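*Asks:* Data: input.txt, compact mmCIF, C-alpha atoms.
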```txt
# COMPACT_ATOMS: atom_id res chain seq x y z
CA MET A 1 0.00 0.00 0.00
CA ASN A 2 1.47 3.31 -0.98
CA CYS A 3 1.75 6.22 1.49
CA GLY A 4 -1.03 8.24 -0.08
CA ARG A 5 -3.58 5.45 0.25
CA LEU A 6 -2.51 4.80 3.86
CA TYR A 7 -2.90 8.48 4.78
CA GLY A 8 -6.42 8.54 3.34
CA VAL A 9 -7.48 5.47 5.32
CA VAL A 10 -6.20 7.00 8.60
CA ILE A 11 -8.06 10.24 8.00
CA GLY A 12 -11.25 8.34 7.24
CA LEU A 13 -11.00 6.30 10.43
CA VAL A 14 -10.48 9.48 12.51
CA LEU A 15 -13.56 11.12 11.00
CA LEU A 16 -15.61 7.98 11.55
CA CYS A 17 -14.65 7.80 15.23
CA ALA A 18 -15.25 11.55 15.87
CA GLY A 19 -18.79 11.32 14.60
CA PRO A 20 -21.03 13.90 12.94
CA ALA A 21 -20.58 16.53 15.64
CA PHE A 22 -16.91 16.87 14.76
CA CYS A 23 -17.67 17.08 11.10
CA ALA A 24 -20.29 19.79 11.68
CA ASP A 25 -18.06 21.89 13.90
CA ALA A 26 -15.12 21.38 11.56
CA SER A 27 -17.19 22.41 8.61
CA ALA A 28 -18.49 25.50 10.47
CA THR A 29 -14.99 26.42 11.55
CA THR A 30 -13.45 26.07 8.18
CA THR A 31 -16.24 27.66 6.14
CA ALA A 32 -17.45 30.53 8.38
CA THR A 33 -16.79 34.01 7.03
CA PRO A 34 -16.45 37.19 9.20
CA ALA A 35 -19.94 38.28 8.14
CA ALA A 36 -21.41 34.94 9.20
CA LYS A 37 -19.66 35.13 12.58
CA HIS A 38 -21.09 38.61 13.17
CA LYS A 39 -24.59 37.40 12.26
CA LYS A 40 -24.26 34.49 14.65
CA LYS A 41 -23.18 36.83 17.47
CA ARG A 42 -26.25 38.98 16.95
CA ARG A 43 -28.48 35.91 17.16
CA LYS A 44 -26.89 34.98 20.47
CA THR A 45 -27.48 38.47 21.86
CA ALA A 46 -31.11 38.44 20.77
CA ALA A 47 -31.59 35.03 22.36
CA VAL A 48 -30.25 36.19 25.72
CA THR A 49 -32.31 39.38 25.62
CA HIS A 50 -35.56 37.72 24.55
CA ALA A 51 -35.21 34.37 26.30
CA GLY A 52 -37.36 31.63 24.91
CA THR A 53 -38.24 33.54 21.69
CA ALA A 54 -35.11 33.12 19.57
CA THR A 55 -32.86 30.23 18.41
CA ALA A 56 -29.14 30.23 19.15
CA SER A 57 -26.16 28.00 18.36
CA THR A 58 -25.99 24.49 19.70
CA THR A 59 -23.23 25.32 22.15
CA GLN A 60 -25.38 28.06 23.84
CA ALA A 61 -28.70 26.21 23.86
CA GLY A 62 -28.50 25.06 27.46
CA VAL A 63 -27.75 28.56 28.80
CA ILE A 64 -30.54 30.15 26.77
CA HIS A 65 -33.02 27.55 27.92
CA THR A 66 -32.11 28.33 31.55
CA ASN A 67 -32.55 32.08 31.01
CA ALA A 68 -35.87 31.52 29.30
CA THR A 69 -37.15 29.39 32.19
CA TYR A 70 -35.98 31.99 34.72
CA SER A 71 -37.63 34.86 32.81
CA VAL A 72 -40.94 33.01 32.40
CA THR A 73 -40.94 32.11 36.10
CA LYS A 74 -40.19 35.71 37.07
CA VAL A 75 -43.05 37.04 34.95
CA ALA A 76 -45.45 34.43 36.34
CA LEU A 77 -44.54 35.34 39.92
CA ALA A 78 -44.94 39.06 39.21
CA ARG A 79 -48.37 38.49 37.71
CA ARG A 80 -49.43 36.34 40.63
CA THR A 81 -48.22 38.99 43.10
CA ARG A 82 -50.16 41.72 41.30
CA ARG A 83 -53.26 39.54 41.14
CA HIS A 84 -53.26 38.81 44.86
CA LYS A 85 -52.14 42.26 46.09
CA VAL A 86 -54.84 43.95 48.17
CA PHE A 87 -55.06 47.76 48.07
CA PHE A 88 -56.40 49.22 51.30
CA ASN A 89 -58.44 52.41 50.91
CA PRO A 90 -58.65 54.27 54.24
CA TRP A 91 -61.25 56.77 52.99
CA THR A 92 -64.94 56.03 53.54
CA GLU A 93 -66.25 59.24 51.99
CA PRO A 94 -66.41 59.57 48.19
CA THR A 95 -64.40 62.41 46.69
CA TYR A 96 -66.84 62.87 43.82
CA ALA A 97 -70.63 63.10 43.89
CA ASP A 98 -73.55 65.22 42.72
CA SER A 99 -73.52 67.88 45.43
CA THR A 100 -76.82 69.43 44.30
CA VAL A 101 -79.00 66.42 45.13
CA GLY A 102 -81.96 67.39 47.34
CA ASP A 103 -81.36 71.15 47.17
CA ASN A 104 -84.25 73.61 47.11
CA ILE A 105 -83.37 76.78 45.19
CA ASP A 106 -86.45 78.83 46.10
CA GLY A 107 -85.40 82.32 47.19
CA GLU A 108 -81.79 81.96 46.07
CA ASP A 109 -79.89 84.40 43.89
CA LEU A 110 -79.87 82.35 40.69
CA VAL A 111 -76.82 84.07 39.22
CA VAL A 112 -74.81 83.21 42.31
CA ARG A 113 -76.28 79.73 42.38
CA LYS A 114 -75.17 78.95 38.85
CA ALA A 115 -71.67 80.28 39.52
CA ALA A 116 -71.36 78.05 42.60
CA VAL A 117 -72.75 74.91 40.91
CA ASP A 118 -70.44 75.33 37.94
CA ALA A 119 -67.47 75.91 40.25
CA ILE A 120 -67.84 72.83 42.47
CA GLY A 121 -68.38 70.57 39.47
CA PRO A 122 -68.07 66.87 40.33
CA PHE A 123 -66.62 67.32 43.81
CA ASN A 124 -68.41 66.05 46.89
CA GLY A 125 -68.90 69.05 49.16
CA SER A 126 -70.72 72.28 49.83
CA VAL A 127 -70.49 75.93 48.76
CA VAL A 128 -72.06 78.69 50.88
CA VAL A 129 -72.25 82.27 49.55
CA VAL A 130 -73.19 85.09 51.93
CA ASP A 131 -73.52 88.87 51.75
CA PRO A 132 -71.28 89.99 54.66
CA GLN A 133 -72.94 93.41 54.81
CA THR A 134 -76.37 91.99 55.64
CA GLY A 135 -76.00 88.36 56.63
CA ARG A 136 -78.22 87.15 53.80
CA ILE A 137 -77.38 83.70 52.46
CA LEU A 138 -77.49 84.05 48.69
CA SER A 139 -76.96 80.41 47.75
CA VAL A 140 -76.11 77.06 49.30
CA VAL A 141 -74.94 74.09 47.27
CA ASN A 142 -75.50 70.84 49.17
CA GLN A 143 -77.83 72.25 51.81
CA LYS A 144 -77.82 69.10 53.92
CA LEU A 145 -74.04 69.23 54.36
CA ALA A 146 -73.95 73.00 54.86
CA PHE A 147 -76.43 73.05 57.75
CA LYS A 148 -75.79 69.66 59.37
CA GLY A 149 -72.29 68.62 58.36
CA ALA A 150 -70.16 69.66 61.33
CA TYR A 151 -66.53 68.75 60.83
CA GLN A 152 -63.16 69.67 62.27
CA PRO A 153 -62.25 73.15 60.96
CA CYS A 154 -58.58 72.23 60.38
CA SER A 155 -56.42 75.32 59.80
CA THR A 156 -59.34 77.71 59.24
CA VAL A 157 -59.40 78.03 63.05
CA LYS A 158 -56.23 80.13 62.71
CA MET A 159 -58.32 83.16 61.76
CA VAL A 160 -59.96 83.09 65.20
CA VAL A 161 -56.62 82.42 66.91
CA SER A 162 -55.09 85.38 65.08
CA ALA A 163 -57.88 87.65 66.31
CA ALA A 164 -57.46 86.37 69.87
CA SER A 165 -53.66 86.78 69.86
CA LEU A 166 -53.84 90.31 68.45
CA SER A 167 -56.64 91.37 70.80
CA GLU A 168 -54.74 90.06 73.83
CA GLY A 169 -51.49 91.72 72.74
CA ILE A 170 -49.61 88.42 72.66
CA ILE A 171 -48.13 89.09 69.26
CA ASP A 172 -47.02 92.17 67.35
CA PRO A 173 -48.03 91.49 63.73
CA THR A 174 -45.04 93.44 62.40
CA LYS A 175 -42.45 91.44 64.38
CA ARG A 176 -41.06 88.05 63.50
CA MET A 177 -41.38 85.25 66.00
CA HIS A 178 -38.89 82.40 66.21
CA ILE A 179 -40.55 79.12 65.32
CA THR A 180 -37.36 77.11 65.56
CA ARG A 181 -33.75 78.08 66.17
CA ARG A 182 -33.30 78.99 62.51
CA VAL A 183 -36.82 79.82 61.34
CA SER A 184 -38.85 82.91 62.18
CA MET A 185 -41.86 84.60 60.62
CA ASP A 186 -44.46 87.28 61.22
CA MET A 187 -48.22 86.76 61.41
CA THR A 188 -48.78 87.64 57.75
CA ASP A 189 -46.51 84.82 56.57
CA ALA A 190 -47.76 82.45 59.28
CA LEU A 191 -51.33 82.86 58.02
CA ALA A 192 -50.29 82.81 54.37
CA HIS A 193 -48.36 79.54 54.76
CA SER A 194 -50.61 78.17 57.52
CA ASN A 195 -47.67 77.46 59.81
CA ASN A 196 -48.76 75.00 62.50
CA LEU A 197 -45.86 75.63 64.91
CA TYR A 198 -46.58 79.37 64.94
CA PHE A 199 -50.23 78.91 65.90
CA ALA A 200 -49.51 76.10 68.33
CA LYS A 201 -47.25 78.55 70.16
CA MET A 202 -50.00 81.14 70.07
CA GLY A 203 -52.40 78.66 71.63
CA GLU A 204 -49.99 77.75 74.39
CA GLU A 205 -49.45 81.42 75.23
CA LEU A 206 -53.18 82.19 75.14
CA GLY A 207 -54.16 79.19 77.24
CA PHE A 208 -57.42 77.29 76.93
CA ASP A 209 -59.61 79.81 78.75
CA ARG A 210 -58.81 82.66 76.38
CA VAL A 211 -59.01 80.40 73.31
CA GLU A 212 -62.48 79.31 74.45
CA LYS A 213 -63.52 82.93 75.10
CA TYR A 214 -62.74 84.09 71.57
CA ALA A 215 -64.09 80.92 70.00
CA LYS A 216 -67.44 81.66 71.64
CA LEU A 217 -67.31 85.32 70.58
CA PHE A 218 -66.96 84.14 66.97
CA GLY A 219 -69.93 81.82 67.36
CA LEU A 220 -68.14 78.47 67.45
CA GLY A 221 -70.39 75.80 68.90
CA GLU A 222 -73.66 77.64 68.22
CA LYS A 223 -76.05 78.05 65.32
CA ALA A 224 -75.11 80.76 62.86
CA GLY A 225 -78.53 81.13 61.28
CA LEU A 226 -81.78 82.70 62.39
CA ASP A 227 -84.67 80.23 62.28
CA ILE A 228 -83.19 78.16 59.47
CA PRO A 229 -85.08 74.83 59.39
CA GLY A 230 -82.81 71.84 59.89
CA GLU A 231 -79.72 73.80 60.97
CA GLU A 232 -77.62 72.10 63.63
CA ALA A 233 -74.98 73.73 65.80
CA GLY A 234 -71.35 72.72 65.72
CA PHE A 235 -69.34 71.80 68.79
CA LEU A 236 -66.82 73.56 71.03
CA THR A 237 -65.06 71.47 73.65
CA PRO A 238 -65.63 72.70 77.25
CA GLU A 239 -62.15 71.56 78.27
CA PRO A 240 -58.75 71.26 76.64
CA PRO A 241 -58.63 68.40 74.11
CA ASN A 242 -56.46 65.38 74.88
CA THR A 243 -54.05 66.47 72.16
CA GLY A 244 -53.45 69.84 73.86
CA VAL A 245 -54.31 73.48 73.25
CA GLY A 246 -51.59 73.75 70.60
CA MET A 247 -53.37 71.20 68.41
CA MET A 248 -56.65 72.99 69.05
CA THR A 249 -55.26 76.29 67.74
CA SER A 250 -53.38 74.81 64.77
CA PHE A 251 -55.63 71.96 63.59
CA GLY A 252 -58.95 72.70 65.29
CA ASP A 253 -58.98 69.69 67.62
CA GLY A 254 -61.98 69.84 69.94
CA ILE A 255 -63.99 72.01 67.52
CA ARG A 256 -66.57 71.10 64.90
CA LEU A 257 -67.96 73.60 62.42
CA THR A 258 -70.61 73.58 59.72
CA PRO A 259 -69.95 75.51 56.50
CA VAL A 260 -72.56 78.13 57.50
CA GLU A 261 -70.80 78.66 60.85
CA LEU A 262 -67.51 79.28 59.07
CA ALA A 263 -69.35 81.65 56.71
CA SER A 264 -70.45 83.61 59.78
CA VAL A 265 -66.87 83.82 61.10
CA VAL A 266 -65.50 85.00 57.75
CA SER A 267 -68.35 87.52 57.30
CA THR A 268 -67.56 89.05 60.70
CA ILE A 269 -63.92 89.53 59.68
CA ALA A 270 -64.86 90.78 56.22
CA ASN A 271 -67.13 93.58 57.46
CA GLY A 272 -64.88 94.65 60.33
CA GLY A 273 -66.56 93.10 63.36
CA THR A 274 -70.35 92.97 62.93
CA MET A 275 -71.72 89.46 63.39
CA TYR A 276 -75.08 89.16 61.65
CA TYR A 277 -77.52 86.34 62.07
CA LEU A 278 -77.36 84.49 58.80
CA GLN A 279 -80.78 84.47 57.17
CA TYR A 280 -81.88 82.29 54.29
CA PRO A 281 -84.95 83.66 52.45
CA ARG A 282 -86.88 80.83 50.84
CA SER A 283 -89.21 82.77 48.56
CA GLU A 284 -89.31 85.99 46.57
CA GLU A 285 -91.62 87.44 49.19
CA GLU A 286 -89.11 86.72 51.98
CA VAL A 287 -86.37 88.29 49.87
CA GLN A 288 -88.42 91.48 49.53
CA LYS A 289 -89.10 91.58 53.29
CA PHE A 290 -85.55 90.75 54.31
CA VAL A 291 -84.15 92.84 57.19
CA PRO A 292 -80.58 92.37 58.52
CA ARG A 293 -80.35 91.25 62.18
CA ILE A 294 -77.21 91.88 64.23
CA LYS A 295 -76.18 89.11 66.60
CA ARG A 296 -73.31 90.98 68.29
CA GLU A 297 -70.52 93.45 67.65
CA LEU A 298 -66.88 92.41 68.03
CA GLU A 299 -64.09 94.93 68.57
CA LEU A 300 -62.03 93.98 65.55
CA ALA A 301 -61.55 97.28 63.73
CA SER A 302 -57.92 97.74 64.82
CA ILE A 303 -56.83 94.15 64.17
CA VAL A 304 -58.73 93.21 61.00
CA PRO A 305 -56.09 94.79 58.68
CA SER A 306 -53.44 92.43 60.09
CA ILE A 307 -55.69 89.40 59.59
CA LYS A 308 -56.58 90.53 56.08
CA ALA A 309 -52.89 90.86 55.17
CA GLY A 310 -52.31 87.19 56.00
CA MET A 311 -55.44 86.07 54.17
CA MET A 312 -54.43 88.03 51.08
CA GLY A 313 -50.94 86.55 51.33
CA ALA A 314 -52.43 83.06 51.32
CA VAL A 315 -53.98 83.72 47.91
CA GLU A 316 -51.05 85.68 46.52
CA TYR A 317 -48.19 83.35 47.49
CA GLY A 318 -49.35 80.90 50.15
CA THR A 319 -51.57 77.85 50.55
CA ALA A 320 -54.51 79.34 48.59
CA ARG A 321 -52.69 80.23 45.37
CA ARG A 322 -55.10 78.09 43.38
CA ALA A 323 -57.87 80.60 44.15
CA GLY A 324 -56.22 82.84 41.57
CA TYR A 325 -54.52 86.07 42.60
CA ASP A 326 -55.76 89.13 40.74
CA LEU A 327 -54.50 92.59 41.71
CA ASN A 328 -57.68 94.21 40.35
CA GLU A 329 -60.09 91.79 42.03
CA PRO A 330 -58.34 90.54 45.19
CA ILE A 331 -59.60 87.49 47.06
CA LEU A 332 -58.67 86.94 50.70
CA GLY A 333 -58.95 83.55 52.35
CA LYS A 334 -57.74 80.81 54.64
CA THR A 335 -57.35 77.16 53.74
CA GLY A 336 -57.74 74.10 55.94
CA THR A 337 -56.64 70.52 55.26
CA CYS A 338 -56.81 67.58 57.65
CA THR A 339 -58.37 64.20 58.37
CA ASP A 340 -61.39 64.43 60.64
CA THR A 341 -60.53 63.15 64.13
CA ILE A 342 -63.99 61.72 64.83
CA GLN A 343 -64.51 60.31 61.33
CA PRO A 344 -60.97 59.19 60.35
CA GLY A 345 -62.21 57.94 56.98
CA VAL A 346 -63.04 61.50 55.88
CA HIS A 347 -60.39 63.85 54.52
CA LEU A 348 -61.33 67.54 54.56
CA GLY A 349 -60.58 70.52 52.40
CA TRP A 350 -61.81 73.92 53.68
CA PHE A 351 -61.57 77.41 52.30
CA GLY A 352 -63.16 80.48 53.91
CA SER A 353 -62.86 83.62 51.76
CA PHE A 354 -64.19 87.02 50.76
CA ASN A 355 -63.49 89.51 48.00
CA ASP A 356 -62.55 93.09 48.69
CA VAL A 357 -63.54 95.07 45.62
CA GLY A 358 -66.64 96.33 43.87
CA THR A 359 -70.13 97.10 45.08
CA HIS A 360 -71.10 93.50 45.81
CA LYS A 361 -68.72 91.96 48.31
CA LEU A 362 -69.28 88.28 48.95
CA VAL A 363 -68.16 85.60 51.37
CA VAL A 364 -67.59 82.20 49.77
CA VAL A 365 -67.00 79.16 51.96
CA VAL A 366 -66.15 75.77 50.46
CA LEU A 367 -65.99 72.44 52.26
CA LEU A 368 -64.89 69.36 50.32
CA THR A 369 -65.06 65.87 51.79
CA GLY A 370 -63.53 62.72 50.39
CA GLY A 371 -60.18 61.00 50.06
CA ARG A 372 -56.56 61.94 49.52
CA GLY A 373 -57.35 64.15 46.51
CA VAL A 374 -59.22 66.60 48.76
CA SER A 375 -57.35 69.57 50.26
CA GLY A 376 -57.67 73.21 51.19
CA SER A 377 -55.91 74.24 48.01
CA VAL A 378 -58.49 72.35 45.93
CA ALA A 379 -61.27 74.04 47.90
CA ALA A 380 -59.57 77.37 47.18
CA SER A 381 -59.69 76.65 43.45
CA VAL A 382 -63.44 75.98 43.72
CA ALA A 383 -64.01 79.29 45.51
CA GLY A 384 -61.79 81.09 43.03
CA ASN A 385 -63.97 79.76 40.23
CA VAL A 386 -67.09 81.11 41.97
CA TYR A 387 -65.61 84.62 41.99
CA HIS A 388 -64.33 84.22 38.45
CA ASN A 389 -67.71 83.04 37.16
CA LEU A 390 -69.45 86.01 38.80
CA SER A 391 -66.84 88.42 37.52
CA GLN A 392 -67.47 87.12 34.00
CA GLN A 393 -71.12 88.04 34.55
CA ARG A 394 -70.04 91.51 35.78
CA TYR A 395 -71.73 90.74 39.08
CA PHE A 396 -69.40 92.98 41.07
CA ALA A 397 -69.62 95.97 38.73
CA SER A 398 -72.90 97.70 39.56
CA ASP A 399 -76.54 97.06 40.40
CA THR A 400 -77.52 97.41 36.76
CA GLN A 401 -75.21 94.61 35.64
CA LEU A 402 -76.19 91.77 37.98
CA GLN A 403 -77.92 89.60 35.40
CA SER A 404 -76.18 87.65 32.68
CA SER A 405 -76.86 88.40 29.07
CA GLN A 406 -78.02 84.77 28.88
CA PRO A 407 -81.10 83.84 30.94
CA VAL A 408 -80.52 81.53 33.91
CA ILE A 409 -82.68 78.42 33.79
CA PRO A 410 -83.60 77.31 37.34
CA THR A 411 -83.79 73.62 36.42
CA ALA A 412 -80.11 73.74 35.45
CA LEU A 413 -79.16 74.61 39.02
CA ILE A 414 -80.34 71.45 40.77
CA SER A 415 -79.79 67.77 40.21
CA LEU A 416 -82.15 65.87 37.96
CA GLY A 417 -81.33 62.67 39.84
CA HIS A 418 -83.52 61.10 42.47
```
In structure tokens, how does this file's structure come out?
*Replies:*
Amino acid sequence: MNCGRLYGVVIGLVLLCAGPAFCADASATTTATPAAKHKKKRRKTAAVTHAGTATASTTQAGVIHTNATYSVTKVALARRTRRHKVFFNPWTEPTYADSTVGDNIDGEDLVVRKAAVDAIGPFNGSVVVVDPQTGRILSVVNQKLAFKGAYQPCSTVKMVVSAASLSEGIIDPTKRMHITRRVSMDMTDALAHSNNLYFAKMGEELGFDRVEKYAKLFGLGEKAGLDIPGEEAGFLTPEPPNTGVGMMTSFGDGIRLTPVELASVVSTIANGGTMYYLQYPRSEEEVQKFVPRIKRELELASIVPSIKAGMMGAVEYGTARRAGYDLNEPILGKTGTCTDTIQPGVHLGWFGSFNDVGTHKLVVVVLLTGGRGVSGSVAASVAGNVYHNLSQQRYFASDTQLQSSQPVIPTALISLGH
């Protein structure tokens, strides 16, 4: 046998023993071009990235299969976790509802009524609009809540605490008070930003007896209206709350107010100290016979400017910015946001306000009840829309421009639901 034939036999035996795998790999190794290698590399990358959806080379198959199994298992576990996850909702009061259900609009100012209904929109709450110069209630959206819904006043109580602190000479409104070692502010900024530490300190310096005295002067814990059917009084604690006087004067602990009671407080500040009985005419005849009735006079003339400065600051740069600051038509107000202490499933958003321009000054009080989306700043935006809507109708211009150019349809101002 010559050498050439012997060499061929040896090579054949080697290939036969190595089997097809060797031949395949040898063929791939000897025939692969750079472009083919690059293409193969991309397939491997795609297989690792999208495990279980692409095919890779034989040498990587086991790794890819493992990644695919891991990815599928991970997705399955994530889906199972999402499916069995329970979301706890701490709020028992709906944030959205038709707030006009059950209202009776007889005797109301229909222009004001429409402005208020349009402003509150889908929110669950109440809007009370009062003439602070006479005590006449012009419109009430959600009458049941306005006259019977007594809730914690949250930070709106700071208006009363400001009046008490100024009257008792505890604070000079022009001087800054140290809240912490590095932070100090005056009353204007404290009201504008609703600083809790500032008013907690005021409460501690006043003491419970003086806080109670001024709370009673402002009508807290008593009915604000005169012979209004169905009205219920709020509540004023006869002793310091368990949380302390500081929490009473910063968050309103131990106090419960209805929207009409807060409207009375704000009206008294707006007109400089005259507390009127709030009256709610229920027919055109009662409107024509309406006579203002004074409940009591408070000596606020010298301190009201300081309170007004803080309330204007709240709208201009503080917690009530969403009310909409307008230099030509200023709105003054105080927000309140908290969770009711007696009904912990109800989050509250308050805003007590008045405008200070034109011939028709109004007090607008908004109370919103619901979940986490409710706040004083949201209530401020509702009140701001009331003023804006009325301004668009030239309501504040003069007596001859009270009515809209478009007629107001009474049926559009109440719910059609049952």
*Asks:* May I have a table of the residues of range 282-398 of chain A lying at most 12 Å from range 108-113 of chain A, giving each one's closest pair of atoms and their distance in Å to one decimal, counting only C-alpha atoms, ordered by chain and ascending residue number, as a Markdown table?
*Replies:*
```
| residue | atom | partner | partner_atom | distance |
| --- | --- | --- | --- | --- |
| A:Arg282 | CA | A:Glu108 | CA | 7.1 |
| A:Ser283 | CA | A:Glu108 | CA | 7.9 |
| A:Glu284 | CA | A:Glu108 | CA | 8.5 |
| A:Glu285 | CA | A:Glu108 | CA | 11.7 |
| A:Glu286 | CA | A:Glu108 | CA | 10.5 |
| A:Val287 | CA | A:Glu108 | CA | 8.7 |
| A:His360 | CA | A:Val112 | CA | 11.5 |
| A:Leu362 | CA | A:Val112 | CA | 10.0 |
| A:Val363 | CA | A:Val112 | CA | 11.5 |
| A:Val364 | CA | A:Val112 | CA | 10.4 |
| A:Ala383 | CA | A:Val112 | CA | 11.9 |
| A:Asn385 | CA | A:Val112 | CA | 11.6 |
| A:Val386 | CA | A:Val112 | CA | 8.0 |
| A:Tyr387 | CA | A:Val112 | CA | 9.3 |
| A:His388 | CA | A:Val112 | CA | 11.2 |
| A:Asn389 | CA | A:Val112 | CA | 8.8 |
| A:Leu390 | CA | A:Val112 | CA | 7.0 |
| A:Ser391 | CA | A:Val112 | CA | 10.7 |
| A:Gln392 | CA | A:Val111 | CA | 11.1 |
| A:Gln393 | CA | A:Val111 | CA | 8.4 |
| A:Arg394 | CA | A:Val111 | CA | 10.6 |
| A:Tyr395 | CA | A:Val111 | CA | 8.4 |
| A:Phe396 | CA | A:Val112 | CA | 11.2 |
```
*Asks:* Taking (-56.5, 78.2, 49.4) in the file's coordinates as the center, which residues reach within 9 Å of it, counting only C-alpha atoms, put as an MDAnalysis selection string?
*Replies:* chainID A and resid 314:315 318:323 333:336 350:353 375:381 383:384
*Asks:* Pick out the closest residue to Val366 in chain A from this set: A:Asp98, A:Asp326, A:Glu239, A:Glu261. Count only C-alpha atoms.
*Replies:*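 Among A:Asp98, A:Asp326, A:Glu239, A:Glu261, it is A:Glu261 that comes nearest to Val366 in chain A.
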*Asks:* Using all atoms listed in the file, what table do you get, as CSV, when you list each residue of range 101-217 of chain A with an atom no more than 12 Å from range 343-347 of chain A, its nearest pair of atoms, and their distance in Å rounded to one decimal, rows by chain then rising number?
*Replies:*
```
residue,atom,partner,partner_atom,distance
A:Asn124,CA,A:His347,CA,11.3
A:Gly125,CA,A:His347,CA,11.3
A:Gly149,CA,A:Gln343,CA,11.8
A:Ala150,CA,A:Gln343,CA,10.9
A:Tyr151,CA,A:Gln343,CA,8.7
A:Gln152,CA,A:Gln343,CA,9.5
A:Pro153,CA,A:His347,CA,11.5
A:Cys154,CA,A:His347,CA,10.4
```
*Asks:* Once you have the residues from the selection above, write them out as a PDB file, in the frame of the given file, restricted to C-alpha atoms.
*Replies:*
```
ATOM      1  CA  ASN A 124     -68.410  66.050  46.890  1.00  0.00           C
ATOM      2  CA  GLY A 125     -68.900  69.050  49.160  1.00  0.00           C
ATOM      3  CA  GLY A 149     -72.290  68.620  58.360  1.00  0.00           C
ATOM      4  CA  ALA A 150     -70.160  69.660  61.330  1.00  0.00           C
ATOM      5  CA  TYR A 151     -66.530  68.750  60.830  1.00  0.00           C
ATOM      6  CA  GLN A 152     -63.160  69.670  62.270  1.00  0.00           C
ATOM      7  CA  PRO A 153     -62.250  73.150  60.960  1.00  0.00           C
ATOM      8  CA  CYS A 154     -58.580  72.230  60.380  1.00  0.00           C
TER       9      CYS A 154
END
```
*Asks:* Please identify all polymer residues within 7 Å of Phe147 in chain A, counting all atoms listed in the file, omitting same-chain residues fewer than 3 positions from it, and present them as a PyMOL selection string.
*Replies:* chain A and resi 143-144+230-232+258+260
*Asks:* To one decimal place, how far is CA of Leu367 in chain A from CA of Lys308 in chain A in Å?
*Replies:*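 CA of Lys308 in chain A lies at a distance of 20.7 Å from CA of Leu367 in chain A.
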*Asks:* Within 7 Å of range 263-278 of chain A, counting all atoms listed in the file, which residues qualify if same-chain residues fewer than 3 places away don't, as JSON, numbers by chain?
*Replies:* {"A": [132, 133, 134, 135, 136, 137, 218, 224, 225, 226, 259, 260, 293, 294, 295, 296, 297, 298, 299, 300, 301, 304, 352, 353, 354, 363, 365]}
*Asks:* How far is it from CA of Phe208 in chain A to CA of Val245 in chain A, in Å with one decimal?
*Replies:* 6.1 Å
*Asks:* To one decimal place in Å, what is the distance between CA of Val128 in chain A and CA of Pro94 in chain A?
*Replies:*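 Taking CA of Val128 in chain A as the start and CA of Pro94 in chain A as the end point, the length is 20.1 Å.
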*Asks:* Pick out the residues sitting within 12 Å of Asn242 in chain A, and hand them over as a PDB file with C-alpha atoms, keeping the file's coordinate frame; count all atoms listed in the file, and ignore anything fewer than 4 positions along from it in its own chain.
*Replies:*
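Result saved to part-v7.pdb:
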```pdb
ATOM      1  CA  THR A 237     -65.060  71.470  73.650  1.00  0.00           C
ATOM      2  CA  PRO A 238     -65.630  72.700  77.250  1.00  0.00           C
ATOM      3  CA  GLY A 246     -51.590  73.750  70.600  1.00  0.00           C
ATOM      4  CA  MET A 247     -53.370  71.200  68.410  1.00  0.00           C
ATOM      5  CA  MET A 248     -56.650  72.990  69.050  1.00  0.00           C
ATOM      6  CA  ASP A 253     -58.980  69.690  67.620  1.00  0.00           C
ATOM      7  CA  GLY A 254     -61.980  69.840  69.940  1.00  0.00           C
ATOM      8  CA  THR A 341     -60.530  63.150  64.130  1.00  0.00           C
TER       9      THR A 341
END
```
*Asks:* Go through A:Leu236, A:Val183, A:Ala116, A:Ile105 one by one, measure the shortest atom-to-atom distance of each to Asn195 in chain A using all atoms listed in the file, and give the residue with the smallest value.
*Replies:*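 The shortest atom-to-atom distance to Asn195 in chain A comes from A:Val183.
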*Asks:* Which residues are near Ile179 in chain A? Cut-off 10 Å, all atoms listed in the file, ignore same chain within fewer than 6 positions. Put them as JSON, numbers by chain.
*Replies:* {"A": [185, 186, 190, 195, 196, 197, 198, 199, 200, 201]}
*Asks:* Find, counting all atoms listed in the file, the residue in A:Ala146, A:Thr243, A:Ala309, A:Ala164 that gets nearest to Val127 in chain A.
*Replies:*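 Checking each of A:Ala146, A:Thr243, A:Ala309, A:Ala164 against Val127 in chain A, counting all atoms listed in the file, the winner is A:Ala146.
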*Asks:* Ranking A:Met187, A:Thr95, A:Leu138, A:Asp131 by minimum distance to Lys114 in chain A and counting only C-alpha atoms, which one comes first?
*Replies:*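 Checking each candidate against Lys114 in chain A, we get A:Leu138 as the closest.
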*Asks:* Please determine, counting all atoms listed in the file, which residue among A:Val160, A:Val357, A:Ile120, A:Leu166 has the shortest atom-to-atom distance to Asn328 in chain A.
*Replies:*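 Distance minimum relative to Asn328 in chain A lands on A:Val357.
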